[in-house]
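Everything on this sheet refers to the single structure shown next.
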Amino acid sequence: MAFREYKIGARLFGVALGGSMLITLYMPTVDMTSVAVTETGLTKQLSYGRIGGFSYEDPFLRGEGKPKTVTLTKDPSTNADMEAVQAFVYEPGIPFPSGINHPRTLGPGVTEVSLDKGRIGEADDTAGAVFLIRRGTHQGETLHYIENATATRGWKYDQVLNAGGDANTAYVGSGKIMFVREGCWWCHTLLPEQTQDWQYFGIPPRLGDYNGESPTAFGSDRKAPDLLHVGSRNSSKEWMMMHFFNPRLVQPHSIMPRYDYLWGDKDAEGKAIDFDGWRAAYNDYAAGETLTPPDVPSYASNSEIRYLMDFILSLK
Ligand code: HEC
């Protein structure tokens with residue numbers, strides 16, 4: 001190729017690069033306030049409000065407005081011992097999932113039994129409700145259905161929360177929101193495939209597993225282990241805490257980001273967490289100057305990491 005053509009090519013490239021740089025650097029600095037808002041613009045901002053589902057202040061993205069999963073070993077109204085059950089507690093005002101609002105979406109059989117035996121049609125989200133998953137039969141077929149324990153057994157949401165106590169309560173729903181918000185799905189799938197994949201990651205999901213879930217978070221591009229059944233292969237709370245605080249504590253070459261900020265400002269005792277001090281001690285450890293890494297702080301019961309841990313450990 002002649003040198004002249006090379007020069008033309010290089011100039012054209014320079015013009016294209018310069019042009020795109022101009023757009024990138026100059027355009028965003030055009031003063032937005034020099035443009036007057038229209039009536040449509042005013043109507044939109046006043047009717048939508050600040051919260052648009054994508055800002056961190058959105059109660060949804062903070063994991064608020066979600067049910068709690070309580071493991072019960074005693075009947076909350078009679079206090080009699082019983083076989084452990086999981087109760088799904090909806091405090092007043094917490095929106096119900098689609099299966100309760102639109103029972104038909106539960107599918108053949110499950111709809112009928114949930115309505116007739118489970119009395120889910122009587123649930124009222126302004127008064128709060130407690131749901132259980134039960135095994136039953138419909139036209140000779142075994143299935144699982146929803147029981148509205150507030151109607152069938154008189155269990156009140158607050159009785160169940162008290163009977164379970166914080167130790168037996170899991171913030172699974174709020175944790176799922178953390179999983180979505182933090183973008184865990186960029187690297188992790190919740191979808192073992194029908195290949196030899198499942199031999200390590202566990203059974204692939206079935207179609208009905210997604211009935212009523214929104215949003216699903218099965219991910220698309222796996223850069224890290226599938227997590228659909230992670231709680232079955234690793235249920236260690238200590239390992240998970242270390243791994244979330246700084247994955248390099250347990251996997252020296254991990255590319256996973258640290259999620260220490262999900263701890264918030266205070267630990268379980270209400271003491272301020274000294275992140276700078278912790279990192280300085282960790283750097284000493286990583287440099288081989290100390291033998292053991294610093295301890296990971298305990299977490300407060302209403303911290304975002306608690307939500308996330310409850311969700312991850314619920315993936316059985
Ligand atoms: C940049 C990619 C990336 C992101 C984002 C990411 N991870 Fe990971 N994660 C990894 C990799 C790689 C591993 C395997 C190495 C290791 O254990 O650190 C892993 C491992 C894990 C494990 C252990 C899996 C097992 O098989 O035992 C869990 C649990 C986990 N991640 C949860 C999460 C959660 C929850 C989030 C979001 C808050 C998240 N990860 C975000 C890359 C990522």
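Convention: chains lettered A, B, ... in structure tokens order; per-chain residue numbering from 1; ligands numbered from 1 as shown.
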
Which residues are near ligand 1 in this structure, taking near to mean any atom at most 6 Å from a ligand atom and counting only C-alpha atoms and all ligand atoms? Format them as an MDAnalysis selection string. chainID A and resid 179 182:184 186:187 224:225 230 234 247 251 254:257

Using DSSP assignments from the backbone, pull out every residue in segment 94-278 of chain A that falls under strand (DSSP E) and give it to me as a PyMOL selection string. chain A and resi 129-138+141-148+169-170

Keeping N, CA and C atoms for every residue in the selection just given, could you write it to a file as a PDB file, in the first residue's frame?
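Resulting contents of selection_24.pdb:
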ATOM      1  N   ALA A 129     -51.649 -11.498  55.736  1.00  0.00           N
ATOM      2  CA  ALA A 129     -52.017 -12.917  55.639  1.00  0.00           C
ATOM      3  C   ALA A 129     -50.789 -13.795  55.770  1.00  0.00           C
ATOM      4  N   VAL A 130     -51.051 -15.059  56.142  1.00  0.00           N
ATOM      5  CA  VAL A 130     -49.985 -16.050  56.273  1.00  0.00           C
ATOM      6  C   VAL A 130     -50.313 -17.211  55.340  1.00  0.00           C
ATOM      7  N   PHE A 131     -49.378 -17.570  54.484  1.00  0.00           N
ATOM      8  CA  PHE A 131     -49.618 -18.663  53.539  1.00  0.00           C
ATOM      9  C   PHE A 131     -48.689 -19.837  53.824  1.00  0.00           C
ATOM     10  N   LEU A 132     -49.175 -21.030  53.509  1.00  0.00           N
ATOM     11  CA  LEU A 132     -48.369 -22.246  53.636  1.00  0.00           C
ATOM     12  C   LEU A 132     -48.431 -22.987  52.307  1.00  0.00           C
ATOM     13  N   ILE A 133     -47.434 -23.835  52.054  1.00  0.00           N
ATOM     14  CA  ILE A 133     -47.515 -24.697  50.869  1.00  0.00           C
ATOM     15  C   ILE A 133     -47.854 -26.094  51.373  1.00  0.00           C
ATOM     16  N   ARG A 134     -48.926 -26.657  50.839  1.00  0.00           N
ATOM     17  CA  ARG A 134     -49.394 -27.967  51.311  1.00  0.00           C
ATOM     18  C   ARG A 134     -49.430 -28.949  50.163  1.00  0.00           C
ATOM     19  N   ARG A 135     -49.435 -30.223  50.532  1.00  0.00           N
ATOM     20  CA  ARG A 135     -49.553 -31.287  49.539  1.00  0.00           C
ATOM     21  C   ARG A 135     -50.987 -31.749  49.536  1.00  0.00           C
ATOM     22  N   GLY A 136     -51.550 -31.922  48.367  1.00  0.00           N
ATOM     23  CA  GLY A 136     -52.934 -32.376  48.297  1.00  0.00           C
ATOM     24  C   GLY A 136     -53.167 -33.186  47.047  1.00  0.00           C
ATOM     25  N   THR A 137     -54.417 -33.523  46.798  1.00  0.00           N
ATOM     26  CA  THR A 137     -54.724 -34.264  45.577  1.00  0.00           C
ATOM     27  C   THR A 137     -55.871 -33.577  44.859  1.00  0.00           C
ATOM     28  N   HIS A 138     -55.853 -33.738  43.561  1.00  0.00           N
ATOM     29  CA  HIS A 138     -56.942 -33.223  42.741  1.00  0.00           C
ATOM     30  C   HIS A 138     -57.187 -34.248  41.650  1.00  0.00           C
ATOM     31  N   GLU A 141     -54.607 -36.864  41.325  1.00  0.00           N
ATOM     32  CA  GLU A 141     -53.209 -36.451  41.114  1.00  0.00           C
ATOM     33  C   GLU A 141     -52.681 -35.712  42.331  1.00  0.00           C
ATOM     34  N   THR A 142     -51.444 -36.026  42.705  1.00  0.00           N
ATOM     35  CA  THR A 142     -50.834 -35.316  43.830  1.00  0.00           C
ATOM     36  C   THR A 142     -50.293 -33.973  43.342  1.00  0.00           C
ATOM     37  N   LEU A 143     -50.518 -32.950  44.113  1.00  0.00           N
ATOM     38  CA  LEU A 143     -49.977 -31.632  43.746  1.00  0.00           C
ATOM     39  C   LEU A 143     -49.726 -30.810  45.001  1.00  0.00           C
ATOM     40  N   HIS A 144     -49.077 -29.684  44.822  1.00  0.00           N
ATOM     41  CA  HIS A 144     -48.882 -28.759  45.930  1.00  0.00           C
ATOM     42  C   HIS A 144     -49.788 -27.553  45.708  1.00  0.00           C
ATOM     43  N   TYR A 145     -50.373 -27.083  46.804  1.00  0.00           N
ATOM     44  CA  TYR A 145     -51.264 -25.933  46.667  1.00  0.00           C
ATOM     45  C   TYR A 145     -50.977 -24.945  47.793  1.00  0.00           C
ATOM     46  N   ILE A 146     -51.591 -23.759  47.703  1.00  0.00           N
ATOM     47  CA  ILE A 146     -51.382 -22.725  48.725  1.00  0.00           C
ATOM     48  C   ILE A 146     -52.522 -22.768  49.730  1.00  0.00           C
ATOM     49  N   GLU A 147     -52.156 -22.734  51.010  1.00  0.00           N
ATOM     50  CA  GLU A 147     -53.180 -22.631  52.059  1.00  0.00           C
ATOM     51  C   GLU A 147     -53.072 -21.243  52.689  1.00  0.00           C
ATOM     52  N   ASN A 148     -54.179 -20.569  52.803  1.00  0.00           N
ATOM     53  CA  ASN A 148     -54.237 -19.279  53.483  1.00  0.00           C
ATOM     54  C   ASN A 148     -54.481 -19.565  54.968  1.00  0.00           C
ATOM     55  N   THR A 169     -36.565 -16.291  60.892  1.00  0.00           N
ATOM     56  CA  THR A 169     -37.178 -15.511  59.821  1.00  0.00           C
ATOM     57  C   THR A 169     -36.138 -15.253  58.741  1.00  0.00           C
ATOM     58  N   ALA A 170     -36.528 -15.439  57.495  1.00  0.00           N
ATOM     59  CA  ALA A 170     -35.602 -15.185  56.384  1.00  0.00           C
ATOM     60  C   ALA A 170     -36.214 -14.151  55.450  1.00  0.00           C
TER      61      ALA A 170
END

Could you check the closest approach to Leu308 of chain A for each of A:Gly208, A:Gly41, A:Gly63, A:Pro192 and tell me which residue wins, using only C-alpha atoms?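 Among the listed residues, the smallest separation from Leu308 of chain A belongs to A:Gly63.
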
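Nearest-residue note for Thr73 of chain A: choosing from A:Ser20, A:Val85, A:Val15, A:Tyr307, the minimum distance belongs to A:Val85, counting only C-alpha atoms.
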
Do you know which residues are at most 12 Å from Tyr171 of chain A counting only C-alpha atoms, after dropping those on the same chain fewer than 3 positions away, and could you put them as a PyMOL selection string? chain A and resi 63-71+88-90+166-168+174-178+301-314

Need the shell around segment 272-280 of chain A: protein/DNA/RNA residues with any atom at most 8 Å away, counting only C-alpha atoms. Skip same-chain ones fewer than 4 positions apart. Format as a VMD selection string? chain A and resid 265 to 267 284 294 297

If we count only C-alpha atoms and set the cut-off at 7 Å, which residues sit around Gly202 of chain A, ignoring sequence neighbours fewer than 2 positions away in its own chain? Please answer as an MDAnalysis selection string. chainID A and resid 192 198:200 204 229

How about saving the chosen residues, C-alpha atoms kept, as a PDB file, in the first residue's frame?
ATOM      1  CA  PRO A 192     -28.285 -25.469  35.315  1.00  0.00           C
ATOM      2  CA  TRP A 198     -26.470 -30.621  36.217  1.00  0.00           C
ATOM      3  CA  GLN A 199     -24.149 -33.279  37.597  1.00  0.00           C
ATOM      4  CA  TYR A 200     -22.351 -30.520  39.457  1.00  0.00           C
ATOM      5  CA  PRO A 204     -32.358 -28.134  35.884  1.00  0.00           C
ATOM      6  CA  HIS A 229     -28.886 -24.959  44.135  1.00  0.00           C
TER       7      HIS A 229
END
